[in-house]
>>> print(open('target_23.txt').read())   # compact mmCIF, C-alpha atoms and all ligand atoms
# COMPACT_ATOMS: atom_id res chain seq x y z
CA MET A 270 -7.94 -19.35 -34.52
CA ALA A 271 -4.23 -18.51 -34.41
CA ASP A 272 -2.96 -17.19 -31.10
CA GLU A 273 -2.26 -13.50 -31.72
CA ARG A 274 0.66 -13.68 -29.32
CA ALA A 275 2.30 -16.67 -31.05
CA GLY A 276 5.85 -15.76 -31.97
CA GLU A 277 6.02 -12.90 -29.43
CA ALA A 278 9.03 -13.23 -27.15
CA ALA A 279 8.07 -13.89 -23.51
CA PRO A 280 9.10 -11.03 -21.21
CA LEU A 281 12.47 -11.60 -19.57
CA PRO A 282 12.57 -11.44 -15.77
CA PHE A 283 15.04 -9.19 -14.01
CA GLY A 284 17.78 -11.37 -12.56
CA THR A 285 19.12 -9.54 -9.52
CA VAL A 286 16.64 -7.85 -7.23
CA ALA A 287 17.53 -5.38 -4.47
CA VAL A 288 14.80 -5.11 -1.85
CA VAL A 289 15.16 -1.79 -0.02
CA GLY A 290 13.25 -2.03 3.24
CA GLY A 291 13.43 -4.91 5.68
CA GLY A 292 10.11 -4.60 7.46
CA ALA A 293 7.44 -7.29 7.14
CA TRP A 294 6.55 -6.53 3.53
CA GLY A 295 10.10 -6.08 2.22
CA THR A 296 11.11 -9.36 3.84
CA ALA A 297 8.06 -11.16 2.41
CA LEU A 298 8.68 -9.75 -1.07
CA ALA A 299 12.33 -10.80 -0.88
CA MET A 300 11.11 -14.34 -0.13
CA VAL A 301 8.59 -14.16 -3.00
CA ALA A 302 11.30 -13.01 -5.44
CA GLU A 303 13.70 -15.72 -4.26
CA ARG A 304 10.96 -18.31 -4.74
CA ALA A 305 10.49 -16.95 -8.27
CA GLY A 306 14.14 -17.79 -8.97
CA ARG A 307 15.75 -14.36 -8.58
CA SER A 308 19.02 -13.50 -6.94
CA VAL A 309 17.89 -11.34 -4.00
CA ARG A 310 19.52 -8.90 -1.60
CA LEU A 311 17.61 -7.37 1.31
CA TRP A 312 18.47 -4.03 2.91
CA ILE A 313 17.57 -3.68 6.56
CA ARG A 314 18.12 -0.12 7.71
CA GLU A 315 19.21 -0.78 11.28
CA PRO A 316 22.75 -2.36 11.29
CA GLU A 317 22.16 -4.45 14.37
CA ALA A 318 18.84 -5.78 13.09
CA ALA A 319 20.47 -6.59 9.73
CA ARG A 320 23.30 -8.50 11.43
CA ALA A 321 20.86 -10.41 13.62
CA ALA A 322 18.64 -11.29 10.64
CA ALA A 323 21.65 -12.38 8.56
CA ASP A 324 22.78 -14.69 11.38
CA SER A 325 19.45 -16.05 12.61
CA ARG A 326 17.58 -15.92 9.24
CA ARG A 327 14.67 -14.42 11.13
CA ASN A 328 13.23 -10.91 11.20
CA PRO A 329 11.15 -9.78 14.20
CA PHE A 330 9.02 -7.68 11.80
CA LEU A 331 7.91 -10.95 10.17
CA PRO A 332 7.80 -13.48 12.99
CA GLY A 333 7.39 -17.16 12.28
CA HIS A 334 9.29 -17.24 8.98
CA VAL A 335 12.78 -18.45 8.10
CA ILE A 336 14.50 -16.28 5.50
CA PRO A 337 16.17 -18.56 2.93
CA PRO A 338 19.98 -18.51 3.12
CA ALA A 339 20.19 -17.52 -0.57
CA ILE A 340 18.88 -14.03 0.33
CA ALA A 341 21.81 -11.77 1.20
CA ILE A 342 20.96 -9.45 4.11
CA THR A 343 22.86 -6.29 4.99
CA SER A 344 22.43 -2.70 6.19
CA ARG A 345 24.86 -1.51 3.49
CA LEU A 346 22.78 0.12 0.81
CA ASP A 347 25.70 0.26 -1.64
CA ALA A 348 26.21 -3.52 -1.38
CA VAL A 349 22.51 -4.19 -1.95
CA LEU A 350 22.28 -1.91 -4.98
CA HIS A 351 25.57 -2.73 -6.67
CA GLY A 352 24.86 -4.85 -9.76
CA ALA A 353 21.10 -4.97 -9.13
CA ASP A 354 18.94 -4.73 -12.23
CA LEU A 355 15.74 -4.00 -10.29
CA ALA A 356 15.16 -2.27 -6.94
CA LEU A 357 12.01 -2.67 -4.84
CA LEU A 358 11.28 0.26 -2.51
CA VAL A 359 9.39 -1.05 0.52
CA ILE A 360 9.61 1.87 2.93
CA PRO A 361 6.81 3.37 5.07
CA SER A 362 5.22 6.17 3.07
CA GLN A 363 6.41 9.09 5.19
CA PHE A 364 10.08 8.01 4.90
CA LEU A 365 10.13 7.08 1.22
CA ARG A 366 11.43 10.41 -0.11
CA ARG A 367 14.67 10.35 1.87
CA VAL A 368 15.41 6.72 1.05
CA ALA A 369 14.55 7.17 -2.65
CA ALA A 370 17.01 10.08 -2.87
CA GLU A 371 19.71 7.92 -1.29
CA VAL A 372 18.98 4.99 -3.61
CA GLU A 373 19.11 7.34 -6.61
CA ARG A 374 22.68 8.30 -5.70
CA GLN A 375 23.81 4.67 -5.64
CA LEU A 376 21.72 2.77 -8.19
CA ALA A 377 23.04 2.44 -11.76
CA PRO A 378 21.27 4.73 -14.25
CA GLY A 379 18.28 3.22 -16.01
CA VAL A 380 17.67 0.45 -13.45
CA PRO A 381 13.92 0.46 -12.74
CA VAL A 382 12.33 0.72 -9.31
CA LEU A 383 9.15 -0.96 -8.15
CA VAL A 384 7.42 1.01 -5.39
CA CYS A 385 5.71 -1.26 -2.86
CA SER A 386 4.81 1.32 -0.19
CA LYS A 387 1.20 2.34 0.38
CA GLY A 388 0.36 5.92 1.19
CA ILE A 389 0.28 9.59 0.39
CA GLU A 390 3.04 11.89 1.62
CA ALA A 391 2.09 14.34 4.36
CA GLY A 392 2.62 17.98 3.49
CA THR A 393 2.99 17.51 -0.27
CA GLY A 394 0.01 15.19 -0.86
CA ALA A 395 2.24 13.29 -3.30
CA LEU A 396 1.51 9.73 -4.34
CA MET A 397 4.43 7.36 -3.80
CA THR A 398 5.27 7.23 -7.53
CA ALA A 399 5.30 11.04 -7.62
CA VAL A 400 7.82 11.02 -4.77
CA VAL A 401 9.97 8.60 -6.77
CA ALA A 402 9.60 10.59 -9.99
CA ALA A 403 10.76 13.71 -8.13
CA GLU A 404 13.70 12.09 -6.35
CA MET A 405 14.73 9.74 -9.18
CA PRO A 406 14.11 11.85 -12.28
CA GLY A 407 13.87 9.91 -15.52
CA ARG A 408 14.17 6.51 -13.86
CA PRO A 409 11.59 3.92 -14.99
CA HIS A 410 9.22 3.09 -12.17
CA ALA A 411 6.10 1.12 -11.34
CA VAL A 412 3.94 0.41 -8.31
CA LEU A 413 2.90 -2.90 -6.73
CA SER A 414 -0.20 -2.96 -4.54
CA GLY A 415 -3.14 -5.18 -3.64
CA PRO A 416 -4.54 -7.44 -0.93
CA SER A 417 -1.39 -8.98 0.50
CA PHE A 418 -0.64 -9.54 4.15
CA ALA A 419 3.10 -10.06 4.39
CA ASP A 420 2.71 -13.11 6.62
CA GLU A 421 0.52 -14.97 4.12
CA ALA A 422 2.61 -14.03 1.07
CA ALA A 423 5.75 -15.18 2.88
CA ALA A 424 4.03 -18.46 3.73
CA GLY A 425 3.31 -19.01 0.04
CA GLN A 426 -0.45 -18.64 0.38
CA PRO A 427 -2.16 -17.74 -2.92
CA THR A 428 -1.89 -13.96 -3.32
CA ALA A 429 -2.83 -11.67 -6.22
CA VAL A 430 -1.55 -8.10 -6.64
CA THR A 431 -1.51 -5.37 -9.27
CA ILE A 432 1.62 -3.93 -10.87
CA ALA A 433 0.96 -0.59 -12.56
CA VAL A 434 3.26 1.39 -14.83
CA PRO A 435 2.52 4.90 -16.17
CA PRO A 436 0.76 4.61 -19.54
CA THR A 437 2.55 4.70 -22.86
CA ALA A 438 1.03 5.45 -26.25
CA GLY A 439 1.18 1.77 -27.24
CA GLY A 440 -0.81 0.32 -24.31
CA ILE A 441 0.59 -1.12 -21.12
CA ASP A 442 4.34 -0.49 -20.89
CA PRO A 443 6.30 -3.76 -21.40
CA LEU A 444 8.04 -3.01 -18.08
CA ALA A 445 4.84 -4.13 -16.32
CA ALA A 446 5.04 -7.62 -17.83
CA ARG A 447 8.76 -7.89 -17.02
CA LEU A 448 8.05 -7.00 -13.41
CA ALA A 449 5.16 -9.47 -13.29
CA VAL A 450 7.32 -12.37 -14.50
CA THR A 451 10.11 -11.30 -12.16
CA MET A 452 7.86 -11.55 -9.09
CA GLY A 453 5.27 -14.09 -10.25
CA THR A 454 5.08 -17.68 -9.01
CA ALA A 455 2.33 -20.28 -8.82
CA THR A 456 1.32 -18.72 -5.49
CA PHE A 457 1.96 -15.02 -6.18
CA ARG A 458 0.12 -13.68 -9.20
CA PRO A 459 0.60 -10.10 -10.41
CA TYR A 460 -1.92 -8.49 -12.77
CA VAL A 461 -0.73 -5.55 -14.88
CA SER A 462 -2.25 -2.09 -15.18
CA ASP A 463 -1.51 1.28 -16.76
CA ASP A 464 -3.20 3.26 -13.97
CA PRO A 465 -0.73 3.85 -11.13
CA ALA A 466 -2.83 6.70 -9.72
CA GLY A 467 -5.93 4.50 -9.35
CA VAL A 468 -3.85 1.69 -7.84
CA GLU A 469 -2.09 4.00 -5.38
CA VAL A 470 -5.26 5.71 -4.22
CA GLY A 471 -6.68 2.30 -3.33
CA GLY A 472 -3.61 1.35 -1.28
CA ALA A 473 -3.45 4.66 0.58
CA VAL A 474 -7.13 5.17 1.36
CA LYS A 475 -7.91 1.60 2.46
CA ASN A 476 -5.59 2.02 5.45
CA VAL A 477 -7.64 4.96 6.71
CA LEU A 478 -10.89 3.08 6.13
CA ALA A 479 -9.51 0.03 7.95
CA ILE A 480 -8.98 2.24 11.01
CA ALA A 481 -12.63 3.34 10.72
CA CYS A 482 -13.82 -0.28 10.52
CA GLY A 483 -11.59 -1.19 13.45
CA MET A 484 -13.06 1.66 15.52
CA ALA A 485 -16.57 0.42 14.77
CA ALA A 486 -15.62 -3.13 15.76
CA GLY A 487 -13.94 -1.88 18.94
CA ARG A 488 -17.15 -0.06 19.86
CA GLY A 489 -18.98 -3.36 19.61
CA TYR A 490 -20.72 -2.69 16.31
CA GLY A 491 -21.40 -5.63 14.00
CA SER A 492 -21.49 -6.31 10.28
CA ASN A 493 -23.90 -3.62 9.02
CA PRO A 494 -21.66 -0.65 9.89
CA ARG A 495 -18.61 -2.38 8.49
CA ALA A 496 -20.30 -3.09 5.16
CA ALA A 497 -21.53 0.51 5.00
CA LEU A 498 -18.03 1.84 5.70
CA ILE A 499 -16.53 -0.42 3.01
CA ALA A 500 -19.08 0.52 0.34
CA ARG A 501 -19.11 4.23 1.12
CA GLY A 502 -15.33 4.19 1.54
CA LEU A 503 -15.08 2.79 -1.94
CA ALA A 504 -17.04 5.79 -3.23
CA GLU A 505 -14.44 8.05 -1.54
CA MET A 506 -11.64 6.13 -3.25
CA GLN A 507 -13.35 6.47 -6.62
CA ARG A 508 -13.73 10.22 -6.26
CA LEU A 509 -10.09 10.71 -5.26
CA ALA A 510 -8.82 8.43 -8.06
CA ASP A 511 -10.89 10.41 -10.52
CA ALA A 512 -9.55 13.75 -9.24
CA LEU A 513 -5.96 12.53 -9.53
CA GLY A 514 -6.35 11.41 -13.13
CA GLY A 515 -6.82 7.72 -12.28
CA ARG A 516 -9.75 5.57 -13.33
CA ARG A 517 -12.74 4.85 -11.10
CA ASP A 518 -12.76 1.29 -12.46
CA THR A 519 -9.27 0.59 -11.19
CA VAL A 520 -10.64 0.99 -7.69
CA SER A 521 -12.95 -2.00 -8.35
CA GLY A 522 -9.88 -4.19 -8.72
CA LEU A 523 -7.36 -5.85 -6.44
CA ALA A 524 -5.72 -2.65 -5.23
CA GLY A 525 -9.09 -1.08 -4.33
CA VAL A 526 -11.94 -3.42 -3.44
CA GLY A 527 -9.51 -6.30 -2.93
CA ASP A 528 -7.31 -4.56 -0.38
CA LEU A 529 -10.22 -2.70 1.20
CA THR A 530 -12.14 -5.89 1.99
CA LEU A 531 -8.96 -7.60 3.21
CA THR A 532 -7.88 -4.89 5.61
CA CYS A 533 -11.33 -3.90 6.80
CA SER A 534 -12.28 -7.41 7.81
CA SER A 535 -9.19 -8.90 9.40
CA GLU A 536 -7.62 -8.54 12.80
CA GLN A 537 -4.32 -9.23 11.03
CA SER A 538 -4.42 -5.68 9.68
CA ARG A 539 -2.32 -3.29 11.75
CA ASN A 540 -4.65 -0.47 10.77
CA PHE A 541 -7.79 -2.40 11.72
CA SER A 542 -6.35 -3.52 15.05
CA PHE A 543 -5.15 0.02 15.85
CA GLY A 544 -8.67 1.32 15.13
CA LYS A 545 -10.17 -1.47 17.22
CA ALA A 546 -7.97 -0.55 20.17
CA LEU A 547 -9.14 3.08 19.90
CA GLY A 548 -12.76 1.97 19.54
CA GLY A 549 -12.30 -0.12 22.68
CA GLY A 550 -11.41 3.02 24.59
CA LEU A 551 -7.61 3.18 24.49
CA SER A 552 -5.85 6.49 23.92
CA ILE A 553 -3.75 6.86 20.76
CA GLU A 554 -0.59 6.61 22.85
CA ALA A 555 -1.79 3.40 24.51
CA ALA A 556 -2.98 1.94 21.19
CA LEU A 557 0.45 2.62 19.63
CA ALA A 558 2.48 1.57 22.67
CA GLY A 559 4.74 -1.39 22.05
CA ARG A 560 4.12 -1.37 18.29
CA THR A 561 7.21 -1.26 16.11
CA ALA A 562 5.22 -1.90 12.95
CA VAL A 563 3.95 0.97 10.87
CA VAL A 564 0.26 2.00 11.02
CA GLU A 565 0.06 3.78 7.68
CA GLY A 566 -3.52 4.95 8.14
CA TRP A 567 -2.53 7.09 11.10
CA ALA A 568 -0.35 9.49 9.05
CA ASN A 569 -2.48 8.94 5.97
CA ALA A 570 -5.76 10.01 7.59
CA ARG A 571 -4.21 13.48 7.58
CA SER A 572 -2.44 13.30 4.19
CA VAL A 573 -5.48 11.86 2.41
CA THR A 574 -7.87 14.39 3.97
CA GLU A 575 -5.62 17.36 3.26
CA LEU A 576 -5.20 16.26 -0.35
CA ALA A 577 -8.95 15.73 -0.72
CA ASP A 578 -9.62 19.20 0.72
CA ARG A 579 -7.13 20.75 -1.67
CA LEU A 580 -8.74 18.99 -4.64
CA GLY A 581 -12.30 19.66 -3.45
CA VAL A 582 -13.07 15.95 -3.14
CA ASP A 583 -15.69 14.90 -0.60
CA MET A 584 -14.22 12.17 1.66
CA PRO A 585 -16.29 12.30 4.85
CA ILE A 586 -15.17 8.98 6.35
CA CYS A 587 -11.47 9.78 5.95
CA ALA A 588 -12.05 13.29 7.31
CA THR A 589 -13.88 11.80 10.28
CA VAL A 590 -11.02 9.41 11.05
CA LYS A 591 -8.61 12.34 10.89
CA ALA A 592 -10.80 14.38 13.25
CA ILE A 593 -10.93 11.52 15.75
CA LEU A 594 -7.15 10.99 15.57
CA ASP A 595 -6.59 14.73 16.00
CA GLY A 596 -8.53 14.41 19.24
CA GLY A 597 -11.35 16.76 18.31
CA LEU A 598 -14.17 14.26 17.86
CA SER A 599 -15.54 11.33 19.85
CA ILE A 600 -16.37 8.10 18.04
CA GLU A 601 -20.07 8.46 18.99
CA ASP A 602 -20.26 11.98 17.57
CA ALA A 603 -18.39 10.78 14.48
CA ILE A 604 -20.91 8.02 13.80
CA HIS A 605 -23.83 10.35 14.42
CA GLY A 606 -22.27 12.95 12.10
CA LEU A 607 -21.76 10.46 9.27
CA LEU A 608 -25.29 9.05 9.52
CA THR A 609 -27.06 12.40 9.61
CA ARG A 610 -25.40 14.00 6.62
CA PRO A 611 -27.75 15.35 3.93
CA ILE A 612 -29.38 12.73 1.73
CA THR A 613 -27.42 11.88 -1.36
CA ALA A 614 -27.48 9.25 -4.11
CA GLU A 615 -25.12 6.36 -4.72
CA PRO A 616 -22.07 7.12 -6.93
CA TRP A 617 -23.29 5.59 -10.20
CA ALA A 618 -26.54 7.56 -9.96
CA LEU A 619 -24.60 10.76 -9.29
CA ALA A 620 -22.30 9.95 -12.23
CA ALA A 621 -25.41 9.51 -14.39
CA GLY A 622 -26.51 13.01 -13.36
CA VAL A 623 -29.59 12.22 -11.24
CA GLN A 624 -31.03 15.11 -9.25
CA VAL A 625 -30.82 14.53 -5.50
CA PRO A 626 -33.97 15.62 -3.60
CA HIS A 627 -33.22 17.87 -0.64
CA PRO A 628 -34.55 16.56 2.67
CA ALA A 629 -37.55 18.43 4.00
CA GLY A 630 -37.02 20.86 6.85
N1 LIG B 701 3.07 -5.59 6.14
C1 LIG B 701 2.24 -5.83 5.14
O1 LIG B 701 1.50 -6.82 5.18
C2 LIG B 701 2.21 -4.93 3.95
C3 LIG B 701 2.79 -3.67 3.98
N2 LIG B 701 2.72 -2.87 2.88
C4 LIG B 701 3.33 -1.55 2.89
O2 LIG B 701 4.74 -1.68 2.90
C5 LIG B 701 5.33 -0.51 3.50
C6 LIG B 701 6.35 -0.98 4.53
O3 LIG B 701 5.63 -1.61 5.56
P1 LIG B 701 6.14 -2.87 6.37
O4 LIG B 701 7.16 -3.64 5.62
O5 LIG B 701 4.93 -3.61 6.79
O6 LIG B 701 6.86 -2.19 7.61
P2 LIG B 701 6.99 -2.72 9.10
O7 LIG B 701 5.98 -2.08 9.94
O8 LIG B 701 7.03 -4.21 9.11
O9 LIG B 701 8.43 -2.20 9.50
C7 LIG B 701 8.70 -0.84 9.64
C8 LIG B 701 9.82 -0.52 8.68
O10 LIG B 701 10.06 0.87 8.71
C9 LIG B 701 11.45 1.08 8.65
N3 LIG B 701 11.74 2.42 9.16
C10 LIG B 701 11.51 2.90 10.40
N4 LIG B 701 11.94 4.18 10.47
C11 LIG B 701 12.43 4.49 9.24
C12 LIG B 701 13.01 5.65 8.69
N5 LIG B 701 13.17 6.77 9.40
N6 LIG B 701 13.41 5.61 7.39
C13 LIG B 701 13.24 4.51 6.67
N7 LIG B 701 12.70 3.38 7.13
C14 LIG B 701 12.30 3.37 8.41
C15 LIG B 701 12.02 -0.04 9.49
O11 LIG B 701 13.37 -0.24 9.18
C16 LIG B 701 11.14 -1.20 9.00
O12 LIG B 701 11.65 -1.74 7.81
C17 LIG B 701 4.18 0.30 4.08
O13 LIG B 701 3.88 1.36 3.22
C18 LIG B 701 3.02 -0.71 4.12
O14 LIG B 701 1.76 -0.10 4.00
C19 LIG B 701 2.10 -3.27 1.75
C20 LIG B 701 1.52 -4.52 1.67
C21 LIG B 701 1.53 -5.45 2.76
O1 LIG B 702 -1.51 -3.52 3.13
C1 LIG B 702 -1.71 -4.52 3.76
C2 LIG B 702 -2.36 -5.72 3.18
O2 LIG B 702 -2.63 -5.57 1.81
C3 LIG B 702 -1.33 -4.58 5.19
O3 LIG B 702 -2.29 -3.92 5.92
P1 LIG B 702 -1.97 -3.38 7.38
O4 LIG B 702 -0.82 -2.41 7.22
O5 LIG B 702 -3.22 -2.74 7.85
O6 LIG B 702 -1.58 -4.57 8.20
>>> encode(input="target_23.txt", output="structure tokens", more="lines below")
Ligand SMILES: NC(=O)C1=CN([C@@H]2O[C@H](COP(=O)(O)OP(=O)(O)OC[C@H]3O[C@@H](n4cnc5c(N)ncnc54)[C@H](O)[C@@H]3O)[C@@H](O)[C@H]2O)C=CC1
Ligand SMILES: O=C(CO)COP(=O)(O)O
Amino acid sequence: MADERAGEAAPLPFGTVAVVGGGAWGTALAMVAERAGRSVRLWIREPEAARAAADSRRNPFLPGHVIPPAIAITSRLDAVLHGADLALLVIPSQFLRRVAAEVERQLAPGVPVLVCSKGIEAGTGALMTAVVAAEMPGRPHAVLSGPSFADEAAAGQPTAVTIAVPPTAGGIDPLAARLAVTMGTATFRPYVSDDPAGVEVGGAVKNVLAIACGMAAGRGYGSNPRAALIARGLAEMQRLADALGGRRDTVSGLAGVGDLTLTCSSEQSRNFSFGKALGGGLSIEAALAGRTAVVEGWANARSVTELADRLGVDMPICATVKAILDGGLSIEDAIHGLLTRPITAEPWALAAGVQVPHPAG
């Protein structure tokens, strides 16, 4: 049978990539793009840190890695963006809006942006692509998410992610394939999707659930509670994706189940280890002390819960994490509260319309 795609031109990669955000993930993605053959510039916000990284080829946010000399490093945003034909935004979720607005002023019109942050904005409840659409009106954009610890991606360990572009009438927007070939290598494999909302919900909510799993581990709980939190957390993700116009099925993919299992089962996760420190009895201040790295789930416990409340979506685990972080609930009371909720059915049964029996008494 003839290959239907025979004769189709292969998507062309973008040649010059500006990576805006020099934390662990921005630095790792710059290394991935350089390995894929791109000309790469990396923006590190703090001038002194940028100078030190340019000289030493090391970044304290990503210890143990040498940044290839071919990657230009600077704190000058204009220099990073000038002549770029793709910009990656790799900024902690609560700071993305300000940086996106600044990038918009300096990036040539029509140059696409790939959002690599994970989270939901506090106050507005906006997904990261909605922040970009508001601050960079009309600019083509996409989101990259999935199970990807910066350290392992930088080391060239096999990593798979999802790149999602808003849907077009003709199927998946060709921009998705261009972005995939721009970033893809034999060790970094992007899959394409037309469901940014589903992908983004996965990336935002898993950070909150990883804190919950960390808290359980810190309290000395074993594997049963963790598996329950992962499976029931997935149901929360599905409901939120659905309410935001995403697809429940997207949450079964890399950016949902993939990232959820990664972050909820590894001490490497900043969110998990923060939760574990709290579960072990540390105060929030003590658990955050000395950390320069972002713990997205901390701000996102609030932003996710507030958004869910506004949309009328039931997300009891995320709400419980928020209540603990707000200081109003002990971990013991939280666990008791989650386990003694009214009986309900699993999500597929609810979706099929089964009647849930009310508990006696
Ligand atoms: N580290 C990882 O393994 C992964 C991180 N991500 C996501 O990437 C995003 C960036 O995280 P990381 O690179 O890990 O950060 P990081 O924790 O390694 O570094 C913090 C970053 O925040 C920047 N920053 C601090 N204050 C700022 C401000 N006021 N305005 C703008 N930037 C500011 C710092 O310059 C630094 O680049 C987050 O949304 C994270 O969830 C996604 C996948 C993997
Ligand atoms: O998003 C990540 C891996 O996919 C990184 O997770 P942490 O921020 O919890 O370390």
>>> residues_around(input="target_23.txt", residues="Leu298 of chain A", least_positions_apart="6", cutoff="9 Å", atoms="all atoms listed in the file", output="ChimeraX atom specification")
/A:288,357,359,419,422-423,452
>>> closest_residue(input="target_23.txt", among="A:Val372, A:Val461, A:Ala279, A:Ala485", to="ligand LIG 701 (chain B)", atoms="only C-alpha atoms and all ligand atoms")
A:Val372
>>> closest_atom_pairs(input="target_23.txt", of="segment 456-519 of chain A", to="segment 396-414 of chain A", cutoff="8 Å", atoms="only C-alpha atoms", output="JSON lines")
{"residue": "A:Pro465", "atom": "CA", "partner": "A:Val412", "partner_atom": "CA", "distance": 6.4}
{"residue": "A:Ala466", "atom": "CA", "partner": "A:Leu396", "partner_atom": "CA", "distance": 7.5}
{"residue": "A:Val468", "atom": "CA", "partner": "A:Ser414", "partner_atom": "CA", "distance": 6.8}
{"residue": "A:Glu469", "atom": "CA", "partner": "A:Leu396", "partner_atom": "CA", "distance": 6.8}
{"residue": "A:Val470", "atom": "CA", "partner": "A:Leu396", "partner_atom": "CA", "distance": 7.9}
{"residue": "A:Gly472", "atom": "CA", "partner": "A:Ser414", "partner_atom": "CA", "distance": 6.4}
>>> residues_near_ligand(input="target_23.txt", ligand="ligand LIG 702 (chain B)", cutoff="8 Å", atoms="only C-alpha atoms and all ligand atoms", output="ChimeraX atom specification")
/A:387,414-419,472,476,479,528,531-532,537-542,563-566
>>> write_last_selection(input="target_23.txt", atoms="C-alpha atoms", output="short mmCIF file (atom, residue, chain, number, x, y, z; two decimals), keeping the file's coordinate frame")
data_model
loop_
_atom_site.label_atom_id
_atom_site.label_comp_id
_atom_site.auth_asym_id
_atom_site.auth_seq_id
_atom_site.Cartn_x
_atom_site.Cartn_y
_atom_site.Cartn_z
CA LYS A 387 1.20 2.34 0.38
CA SER A 414 -0.20 -2.96 -4.54
CA GLY A 415 -3.14 -5.18 -3.64
CA PRO A 416 -4.54 -7.44 -0.93
CA SER A 417 -1.39 -8.98 0.50
CA PHE A 418 -0.64 -9.54 4.15
CA ALA A 419 3.10 -10.06 4.39
CA GLY A 472 -3.61 1.35 -1.28
CA ASN A 476 -5.59 2.02 5.45
CA ALA A 479 -9.51 0.03 7.95
CA ASP A 528 -7.31 -4.56 -0.38
CA LEU A 531 -8.96 -7.60 3.21
CA THR A 532 -7.88 -4.89 5.61
CA GLN A 537 -4.32 -9.23 11.03
CA SER A 538 -4.42 -5.68 9.68
CA ARG A 539 -2.32 -3.29 11.75
CA ASN A 540 -4.65 -0.47 10.77
CA PHE A 541 -7.79 -2.40 11.72
CA SER A 542 -6.35 -3.52 15.05
CA VAL A 563 3.95 0.97 10.87
CA VAL A 564 0.26 2.00 11.02
CA GLU A 565 0.06 3.78 7.68
CA GLY A 566 -3.52 4.95 8.14
#
>>> closest_residue(input="target_23.txt", among="A:Ala278, A:Ala512, A:Leu331, A:Leu355", to="ligand LIG 701 (chain B)", atoms="all atoms listed in the file")
A:Leu331
>>> closest_residue(input="target_23.txt", among="A:Val573, A:Ala568, A:Ile360, A:Ala449", to="ligand LIG 701 (chain B)", atoms="only C-alpha atoms and all ligand atoms")
A:Ile360
>>> decode(input="target_23.txt", residues="segment 370-396 of chain A", atoms="C-alpha atoms", output="mmCIF file, in the first residue's frame")
data_model
loop_
_atom_site.group_PDB
_atom_site.id
_atom_site.type_symbol
_atom_site.label_atom_id
_atom_site.label_comp_id
_atom_site.auth_asym_id
_atom_site.auth_seq_id
_atom_site.Cartn_x
_atom_site.Cartn_y
_atom_site.Cartn_z
ATOM 1 C CA ALA A 370 4.615 41.300 27.628
ATOM 2 C CA GLU A 371 8.284 42.271 27.515
ATOM 3 C CA VAL A 372 9.085 39.619 24.903
ATOM 4 C CA GLU A 373 6.146 40.813 22.802
ATOM 5 C CA ARG A 374 7.681 44.293 22.627
ATOM 6 C CA GLN A 375 10.979 42.949 21.309
ATOM 7 C CA LEU A 376 10.216 39.853 19.239
ATOM 8 C CA ALA A 377 9.627 40.248 15.481
ATOM 9 C CA PRO A 378 5.956 39.985 14.488
ATOM 10 C CA GLY A 379 4.770 36.509 13.540
ATOM 11 C CA VAL A 380 7.596 34.639 15.304
ATOM 12 C CA PRO A 381 5.940 31.808 17.257
ATOM 13 C CA VAL A 382 6.374 31.133 20.959
ATOM 14 C CA LEU A 383 6.462 27.759 22.662
ATOM 15 C CA VAL A 384 5.272 27.951 26.274
ATOM 16 C CA CYS A 385 7.142 25.515 28.521
ATOM 17 C CA SER A 386 5.894 26.727 31.928
ATOM 18 C CA LYS A 387 3.506 24.601 33.980
ATOM 19 C CA GLY A 388 0.763 26.249 35.967
ATOM 20 C CA ILE A 389 -2.344 28.350 36.263
ATOM 21 C CA GLU A 390 -2.087 32.057 37.024
ATOM 22 C CA ALA A 391 -3.235 33.149 40.469
ATOM 23 C CA GLY A 392 -6.025 35.700 40.484
ATOM 24 C CA THR A 393 -7.079 35.254 36.853
ATOM 25 C CA GLY A 394 -7.163 31.435 36.739
ATOM 26 C CA ALA A 395 -5.626 31.714 33.264
ATOM 27 C CA LEU A 396 -3.814 28.826 31.626
#
